[in-house]
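J.: So that you have it, the file is final.pdb, and it contains PDB, C-alpha atoms:
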```
MODEL        1
ATOM      1  CA  MET A   1      95.067 112.370 110.283  1.00  0.00           C
ATOM      2  CA  PHE A   2      97.518 115.175 109.575  1.00  0.00           C
ATOM      3  CA  SER A   3      97.720 114.029 105.955  1.00  0.00           C
ATOM      4  CA  LYS A   4      93.953 114.398 105.510  1.00  0.00           C
ATOM      5  CA  TRP A   5      94.005 117.915 106.986  1.00  0.00           C
ATOM      6  CA  LEU A   6      96.976 118.968 104.824  1.00  0.00           C
ATOM      7  CA  ALA A   7      95.428 117.502 101.673  1.00  0.00           C
ATOM      8  CA  ASN A   8      92.157 119.327 102.293  1.00  0.00           C
ATOM      9  CA  THR A   9      94.004 122.593 103.004  1.00  0.00           C
ATOM     10  CA  ILE A  10      96.003 122.348  99.778  1.00  0.00           C
ATOM     11  CA  ILE A  11      92.966 121.416  97.699  1.00  0.00           C
ATOM     12  CA  LYS A  12      90.802 124.215  99.108  1.00  0.00           C
ATOM     13  CA  LYS A  13      93.334 126.695  97.735  1.00  0.00           C
ATOM     14  CA  SER A  14      93.328 125.069  94.285  1.00  0.00           C
ATOM     15  CA  LYS A  15      91.033 125.832  91.386  1.00  0.00           C
ATOM     16  CA  LEU A  16      89.869 122.271  90.734  1.00  0.00           C
ATOM     17  CA  SER A  17      86.386 121.250  89.686  1.00  0.00           C
ATOM     18  CA  GLU A  18      84.211 119.592  92.321  1.00  0.00           C
ATOM     19  CA  GLU A  19      84.716 116.210  90.664  1.00  0.00           C
ATOM     20  CA  ASP A  20      88.494 116.601  90.537  1.00  0.00           C
ATOM     21  CA  VAL A  21      88.616 117.706  94.183  1.00  0.00           C
ATOM     22  CA  VAL A  22      87.452 114.255  95.346  1.00  0.00           C
ATOM     23  CA  VAL A  23      90.075 112.442  93.267  1.00  0.00           C
ATOM     24  CA  ALA A  24      92.866 114.878  94.165  1.00  0.00           C
ATOM     25  CA  SER A  25      91.954 114.784  97.866  1.00  0.00           C
ATOM     26  CA  TYR A  26      92.032 110.984  97.938  1.00  0.00           C
ATOM     27  CA  GLY A  27      95.359 110.753  96.085  1.00  0.00           C
ATOM     28  CA  LEU A  28      97.056 113.495  98.083  1.00  0.00           C
ATOM     29  CA  THR A  29      95.798 112.048 101.382  1.00  0.00           C
ATOM     30  CA  LYS A  30      97.176 108.603 100.504  1.00  0.00           C
ATOM     31  CA  MET A  31     100.516 110.034  99.370  1.00  0.00           C
ATOM     32  CA  LEU A  32     100.924 112.156 102.508  1.00  0.00           C
ATOM     33  CA  ALA A  33      99.939 109.206 104.737  1.00  0.00           C
ATOM     34  CA  LEU A  34     102.686 107.178 103.066  1.00  0.00           C
ATOM     35  CA  VAL A  35     105.179 109.970 103.804  1.00  0.00           C
ATOM     36  CA  GLU A  36     103.992 110.029 107.445  1.00  0.00           C
ATOM     37  CA  ASP A  37     104.501 106.251 107.695  1.00  0.00           C
ATOM     38  CA  MET A  38     107.978 106.487 106.197  1.00  0.00           C
ATOM     39  CA  LEU A  39     108.993 109.342 108.526  1.00  0.00           C
ATOM     40  CA  PHE A  40     107.750 107.381 111.545  1.00  0.00           C
ATOM     41  CA  THR A  41     109.643 104.302 110.392  1.00  0.00           C
ATOM     42  CA  VAL A  42     112.882 106.227 109.752  1.00  0.00           C
ATOM     43  CA  PHE A  43     112.539 107.975 113.131  1.00  0.00           C
ATOM     44  CA  LEU A  44     112.104 104.629 114.864  1.00  0.00           C
ATOM     45  CA  GLY A  45     114.944 103.147 112.816  1.00  0.00           C
ATOM     46  CA  SER A  46     117.233 105.979 113.901  1.00  0.00           C
ATOM     47  CA  ILE A  47     116.384 105.353 117.556  1.00  0.00           C
ATOM     48  CA  LEU A  48     117.206 101.656 117.076  1.00  0.00           C
ATOM     49  CA  SER A  49     120.308 102.453 114.942  1.00  0.00           C
ATOM     50  CA  ILE A  50     118.891 100.585 111.932  1.00  0.00           C
ATOM     51  CA  VAL A  51     117.898 103.389 109.574  1.00  0.00           C
ATOM     52  CA  TRP A  52     118.648 101.544 106.297  1.00  0.00           C
ATOM     53  CA  GLU A  53     116.997  98.382 107.540  1.00  0.00           C
ATOM     54  CA  SER A  54     113.920 100.367 108.596  1.00  0.00           C
ATOM     55  CA  ILE A  55     113.609 101.907 105.120  1.00  0.00           C
ATOM     56  CA  ILE A  56     114.040  98.507 103.471  1.00  0.00           C
ATOM     57  CA  PHE A  57     111.504  97.003 105.878  1.00  0.00           C
ATOM     58  CA  GLN A  58     108.941  99.702 105.103  1.00  0.00           C
ATOM     59  CA  ILE A  59     109.359  99.471 101.326  1.00  0.00           C
ATOM     60  CA  SER A  60     109.221  95.651 101.430  1.00  0.00           C
ATOM     61  CA  PHE A  61     106.267  95.573 103.797  1.00  0.00           C
ATOM     62  CA  ILE A  62     104.160  98.167 101.985  1.00  0.00           C
ATOM     63  CA  SER A  63     104.875  96.854  98.491  1.00  0.00           C
ATOM     64  CA  LEU A  64     103.894  93.320  99.518  1.00  0.00           C
ATOM     65  CA  ARG A  65     100.972  94.246 101.781  1.00  0.00           C
ATOM     66  CA  LEU A  66      99.425  96.352  99.046  1.00  0.00           C
ATOM     67  CA  TYR A  67      98.679  93.280  96.922  1.00  0.00           C
ATOM     68  CA  ALA A  68      98.739  90.353  99.372  1.00  0.00           C
ATOM     69  CA  GLY A  69      95.946  91.714 101.542  1.00  0.00           C
ATOM     70  CA  GLY A  70      95.006  90.512 104.986  1.00  0.00           C
ATOM     71  CA  CYS A  71      93.226  92.156 107.882  1.00  0.00           C
ATOM     72  CA  HIS A  72      92.118  95.757 107.484  1.00  0.00           C
ATOM     73  CA  SER A  73      90.961  97.979 110.317  1.00  0.00           C
ATOM     74  CA  LYS A  74      87.434  99.323 110.238  1.00  0.00           C
ATOM     75  CA  THR A  75      88.495 102.914 110.961  1.00  0.00           C
ATOM     76  CA  GLU A  76      91.409 105.093 109.925  1.00  0.00           C
ATOM     77  CA  LEU A  77      92.457 105.655 113.548  1.00  0.00           C
ATOM     78  CA  ARG A  78      92.571 101.898 114.235  1.00  0.00           C
ATOM     79  CA  CYS A  79      94.614 101.432 111.065  1.00  0.00           C
ATOM     80  CA  ILE A  80      97.146 104.035 112.206  1.00  0.00           C
ATOM     81  CA  ILE A  81      97.413 102.462 115.667  1.00  0.00           C
ATOM     82  CA  HIS A  82      97.696  98.889 114.345  1.00  0.00           C
ATOM     83  CA  SER A  83     100.238  99.931 111.702  1.00  0.00           C
ATOM     84  CA  GLY A  84     102.301 101.687 114.341  1.00  0.00           C
ATOM     85  CA  PHE A  85     102.330  98.612 116.583  1.00  0.00           C
ATOM     86  CA  VAL A  86     103.230  96.312 113.684  1.00  0.00           C
ATOM     87  CA  THR A  87     106.057  98.634 112.602  1.00  0.00           C
ATOM     88  CA  VAL A  88     107.465  98.949 116.136  1.00  0.00           C
ATOM     89  CA  ALA A  89     107.292  95.186 116.738  1.00  0.00           C
ATOM     90  CA  CYS A  90     108.839  94.313 113.368  1.00  0.00           C
ATOM     91  CA  LEU A  91     111.686  96.818 113.669  1.00  0.00           C
ATOM     92  CA  MET A  92     112.483  95.543 117.153  1.00  0.00           C
ATOM     93  CA  VAL A  93     112.710  92.026 115.713  1.00  0.00           C
ATOM     94  CA  VAL A  94     115.011  93.305 112.929  1.00  0.00           C
ATOM     95  CA  LYS A  95     117.214  94.881 115.612  1.00  0.00           C
ATOM     96  CA  LEU A  96     117.316  91.652 117.644  1.00  0.00           C
ATOM     97  CA  ILE A  97     118.313  89.353 114.762  1.00  0.00           C
ATOM     98  CA  PRO A  98     122.068  88.845 114.940  1.00  0.00           C
ATOM     99  CA  ASP A  99     124.236  89.834 111.984  1.00  0.00           C
ATOM    100  CA  GLY A 100     125.544  86.971 109.894  1.00  0.00           C
ATOM    101  CA  TYR A 101     122.382  84.915 110.173  1.00  0.00           C
ATOM    102  CA  GLU A 102     122.124  84.203 106.453  1.00  0.00           C
ATOM    103  CA  LYS A 103     119.891  81.177 107.014  1.00  0.00           C
ATOM    104  CA  LEU A 104     117.047  83.658 107.193  1.00  0.00           C
ATOM    105  CA  TRP A 105     116.878  83.500 103.422  1.00  0.00           C
ATOM    106  CA  PHE A 106     115.338  80.039 103.672  1.00  0.00           C
ATOM    107  CA  ILE A 107     112.690  81.425 106.006  1.00  0.00           C
ATOM    108  CA  THR A 108     112.018  84.272 103.552  1.00  0.00           C
ATOM    109  CA  LEU A 109     111.707  81.792 100.695  1.00  0.00           C
ATOM    110  CA  GLY A 110     109.384  79.497 102.663  1.00  0.00           C
ATOM    111  CA  ILE A 111     107.141  82.334 103.778  1.00  0.00           C
ATOM    112  CA  SER A 112     107.146  83.680 100.215  1.00  0.00           C
ATOM    113  CA  VAL A 113     105.815  80.343  98.936  1.00  0.00           C
ATOM    114  CA  ILE A 114     103.027  80.418 101.545  1.00  0.00           C
ATOM    115  CA  ILE A 115     102.095  84.026 100.743  1.00  0.00           C
ATOM    116  CA  GLY A 116     102.207  83.342  97.012  1.00  0.00           C
ATOM    117  CA  THR A 117      99.870  80.391  97.515  1.00  0.00           C
ATOM    118  CA  ILE A 118      97.199  82.140  99.594  1.00  0.00           C
ATOM    119  CA  ALA A 119      97.351  85.728  98.293  1.00  0.00           C
ATOM    120  CA  PRO A 120      95.390  87.844  98.036  1.00  0.00           C
ATOM    121  CA  VAL A 121      93.435  87.665 101.287  1.00  0.00           C
ATOM    122  CA  GLU A 122      90.305  89.773 101.216  1.00  0.00           C
ATOM    123  CA  ALA A 123      88.966  91.681 104.176  1.00  0.00           C
ATOM    124  CA  LYS A 124      85.247  92.000 104.887  1.00  0.00           C
ATOM    125  CA  ASN A 125      85.516  95.766 104.580  1.00  0.00           C
ATOM    126  CA  LYS A 126      87.759  95.596 101.496  1.00  0.00           C
ATOM    127  CA  PRO A 127      86.296  93.019  99.076  1.00  0.00           C
ATOM    128  CA  LEU A 128      87.970  92.324  95.722  1.00  0.00           C
ATOM    129  CA  SER A 129      86.405  91.506  92.382  1.00  0.00           C
ATOM    130  CA  LYS A 130      87.473  88.329  90.556  1.00  0.00           C
ATOM    131  CA  ASN A 131      89.677  90.410  88.253  1.00  0.00           C
ATOM    132  CA  GLU A 132      91.277  92.250  91.210  1.00  0.00           C
ATOM    133  CA  ARG A 133      92.041  88.917  92.903  1.00  0.00           C
ATOM    134  CA  ILE A 134      93.838  87.666  89.787  1.00  0.00           C
ATOM    135  CA  ILE A 135      95.797  90.888  89.292  1.00  0.00           C
ATOM    136  CA  ASN A 136      96.724  91.144  92.985  1.00  0.00           C
ATOM    137  CA  HIS A 137      97.861  87.520  93.005  1.00  0.00           C
ATOM    138  CA  TYR A 138     100.258  88.110  90.108  1.00  0.00           C
ATOM    139  CA  LYS A 139     101.500  91.391  91.580  1.00  0.00           C
ATOM    140  CA  THR A 140     102.117  89.591  94.884  1.00  0.00           C
ATOM    141  CA  ILE A 141     104.178  86.932  93.081  1.00  0.00           C
ATOM    142  CA  ILE A 142     106.218  89.582  91.238  1.00  0.00           C
ATOM    143  CA  THR A 143     106.824  91.466  94.493  1.00  0.00           C
ATOM    144  CA  LEU A 144     107.908  88.267  96.270  1.00  0.00           C
ATOM    145  CA  ILE A 145     110.307  87.358  93.473  1.00  0.00           C
ATOM    146  CA  THR A 146     111.779  90.870  93.554  1.00  0.00           C
ATOM    147  CA  LEU A 147     112.236  90.791  97.332  1.00  0.00           C
ATOM    148  CA  ASN A 148     113.894  87.369  97.177  1.00  0.00           C
ATOM    149  CA  VAL A 149     116.253  88.550  94.427  1.00  0.00           C
ATOM    150  CA  PHE A 150     117.320  91.456  96.657  1.00  0.00           C
ATOM    151  CA  VAL A 151     117.872  89.084  99.578  1.00  0.00           C
ATOM    152  CA  ILE A 152     120.000  86.755  97.427  1.00  0.00           C
ATOM    153  CA  ALA A 153     122.009  89.715  96.096  1.00  0.00           C
ATOM    154  CA  ASP A 154     122.429  90.929  99.667  1.00  0.00           C
ATOM    155  CA  LEU A 155     123.882  87.584 100.667  1.00  0.00           C
ATOM    156  CA  ILE A 156     126.097  87.230  97.582  1.00  0.00           C
ATOM    157  CA  PHE A 157     127.537  90.733  97.780  1.00  0.00           C
ATOM    158  CA  LYS A 158     127.545  90.763 101.608  1.00  0.00           C
ATOM    159  CA  TRP A 159     125.745  94.110 101.893  1.00  0.00           C
ATOM    160  CA  GLY A 160     124.019  92.901 105.052  1.00  0.00           C
ATOM    161  CA  VAL A 161     121.014  95.229 104.923  1.00  0.00           C
ATOM    162  CA  PHE A 162     118.248  93.396 103.036  1.00  0.00           C
ATOM    163  CA  TYR A 163     117.962  89.908 104.463  1.00  0.00           C
ATOM    164  CA  LYS A 164     116.852  90.742 108.013  1.00  0.00           C
ATOM    165  CA  ALA A 165     114.443  93.536 107.117  1.00  0.00           C
ATOM    166  CA  THR A 166     112.915  91.615 104.217  1.00  0.00           C
ATOM    167  CA  THR A 167     112.458  88.421 106.243  1.00  0.00           C
ATOM    168  CA  VAL A 168     110.674  90.356 108.976  1.00  0.00           C
ATOM    169  CA  ALA A 169     108.562  92.236 106.407  1.00  0.00           C
ATOM    170  CA  VAL A 170     107.320  89.074 104.679  1.00  0.00           C
ATOM    171  CA  SER A 171     106.731  87.483 108.105  1.00  0.00           C
ATOM    172  CA  GLY A 172     104.683  90.495 109.206  1.00  0.00           C
ATOM    173  CA  VAL A 173     102.610  90.424 106.023  1.00  0.00           C
ATOM    174  CA  LEU A 174     101.977  86.689 106.447  1.00  0.00           C
ATOM    175  CA  MET A 175     100.788  87.258 110.029  1.00  0.00           C
ATOM    176  CA  LEU A 176      98.358  89.969 108.876  1.00  0.00           C
ATOM    177  CA  MET A 177      97.137  87.692 106.108  1.00  0.00           C
ATOM    178  CA  LEU A 178      96.496  84.885 108.613  1.00  0.00           C
ATOM    179  CA  VAL A 179      94.640  87.298 110.916  1.00  0.00           C
ATOM    180  CA  GLY A 180      92.559  88.332 107.892  1.00  0.00           C
ATOM    181  CA  ILE A 181      91.730  84.700 107.098  1.00  0.00           C
ATOM    182  CA  ILE A 182      90.728  84.061 110.727  1.00  0.00           C
ATOM    183  CA  GLU A 183      88.586  87.223 110.779  1.00  0.00           C
ATOM    184  CA  ASN A 184      86.894  86.214 107.530  1.00  0.00           C
ATOM    185  CA  HIS A 185      85.957  82.779 108.908  1.00  0.00           C
ATOM    186  CA  SER A 186      84.908  83.945 112.367  1.00  0.00           C
ATOM    187  CA  ARG A 187      82.102  86.201 111.114  1.00  0.00           C
TER
ENDMDL
END
```
Could you write out this structure as structure tokens?
T.:
Amino acid sequence: MFSKWLANTIIKKSKLSEEDVVVASYGLTKMLALVEDMLFTVFLGSILSIVWESIIFQISFISLRLYAGGCHSKTELRCIIHSGFVTVACLMVVKLIPDGYEKLWFITLGISVIIGTIAPVEAKNKPLSKNERIINHYKTIITLITLNVFVIADLIFKWGVFYKATTVAVSGVLMLMLVGIIENHSR
């Protein structure tokens, strides 16, 4: 909400053509909303004493969710509320997972295989063309491979920051994908 207001305020003061205003407004609104999400996540992570894990969670979650799909709220306000609840729940799970639980990598790998098999999941209010489905599927696979490489590196080098946050992120995305599938079949 704040991001939309700020974007419109900035654009009103610019000297863009009417056509460019629409594009610039959309891009700036999306960018500022992403900054809002990240600030909320870092704030929550600082309260839970898991700042690095919260940043890793958010990057993993957003990069995967962008292409894997799943349920999408019908309004912007619902999206903000649902995203907030998902972030709070996921970060609390990250906090509750004990350190040294490296077996999570197998869970991450298993969930990655499931996501890679069913992605992308369309939403009724966000349909994809055949070409978009193909592209999003490949981008999902690349994102999953990248996340799993970071988890493996985390375990090898004993950094201890990636494996919990990434496992919870891929789990959260899978849950939203399953909700999307259920919503698609219930209508």
J.: Have a look at CA of Ser171 in chain A and CA of Phe61 in chain A and let me know their distance in Å, one decimal.
T.: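 Going from CA of Ser171 in chain A over to CA of Phe61 in chain A covers 9.2 Å.
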J.: Find, counting only C-alpha atoms, the residue in A:Lys130, A:Glu76, A:Leu144, A:Leu44 that gets nearest to Thr29 in chain A.
T.: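 Closest residue, counting only C-alpha atoms: A:Glu76.
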J.: Run the PyMOL selection byres ((chain A and resi 184) around 9) mentally over the shown coordinates, then write out the matched residues as a PyMOL selection string, using the chain letters and numbers from the document.
T.: chain A and resi 71+122-124+179-183+185-187
J.: Quick one: of A:Ile56, A:Val86, A:Cys79, A:Ile97, who's nearest to Val151 in chain A, counting all atoms listed in the file?
T.: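 Ranked by minimum distance to Val151 in chain A, first place goes to A:Ile56.
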J.: Using the chain letters and residue numbers of this document, give as a list in words the residues selected by the PyMOL selection byres ((chain A and resi 108) around 8).
T.: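 Against this file, the PyMOL selection byres ((chain A and resi 108) around 8) returns the residues Leu104, Trp105, Phe106, Ile107, Leu109, Gly110, Ile111, Ser112, Asn148, Thr166, Thr167, Val170 and Ser171 of chain A.
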J.: Just the residues within 12 Å of Phe85 in chain A, please, counting only C-alpha atoms, with nothing from its chain fewer than 4 positions along; format it as a list of chain:residue names.
T.: A:Asp37, A:Phe40, A:Thr41, A:Leu44, A:Arg78, A:Cys79, A:Ile80, A:Ile81, A:Ala89, A:Cys90, A:Leu91, A:Met92, A:Gly172
J.: As a check of understanding, name the residues that the PyMOL selection byres ((chain A and resi 132) around 12) selects in the supplied structure, as a PyMOL selection string.
T.: chain A and resi 67-69+119-122+126-131+133-140
J.: So which one's closest to Asn125 in chain A, A:Gly160, A:Gly27, A:Gly100, A:Gly70? Using all atoms listed in the file, please.
T.: A:Gly70
J.: With only C-alpha atoms as the atoms that count, which of A:Ile50, A:Pro98, A:Ser60, A:Val42 lies nearest to Phe150 in chain A?
T.: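 That would be A:Ser60, the residue with the smallest distance to Phe150 in chain A.
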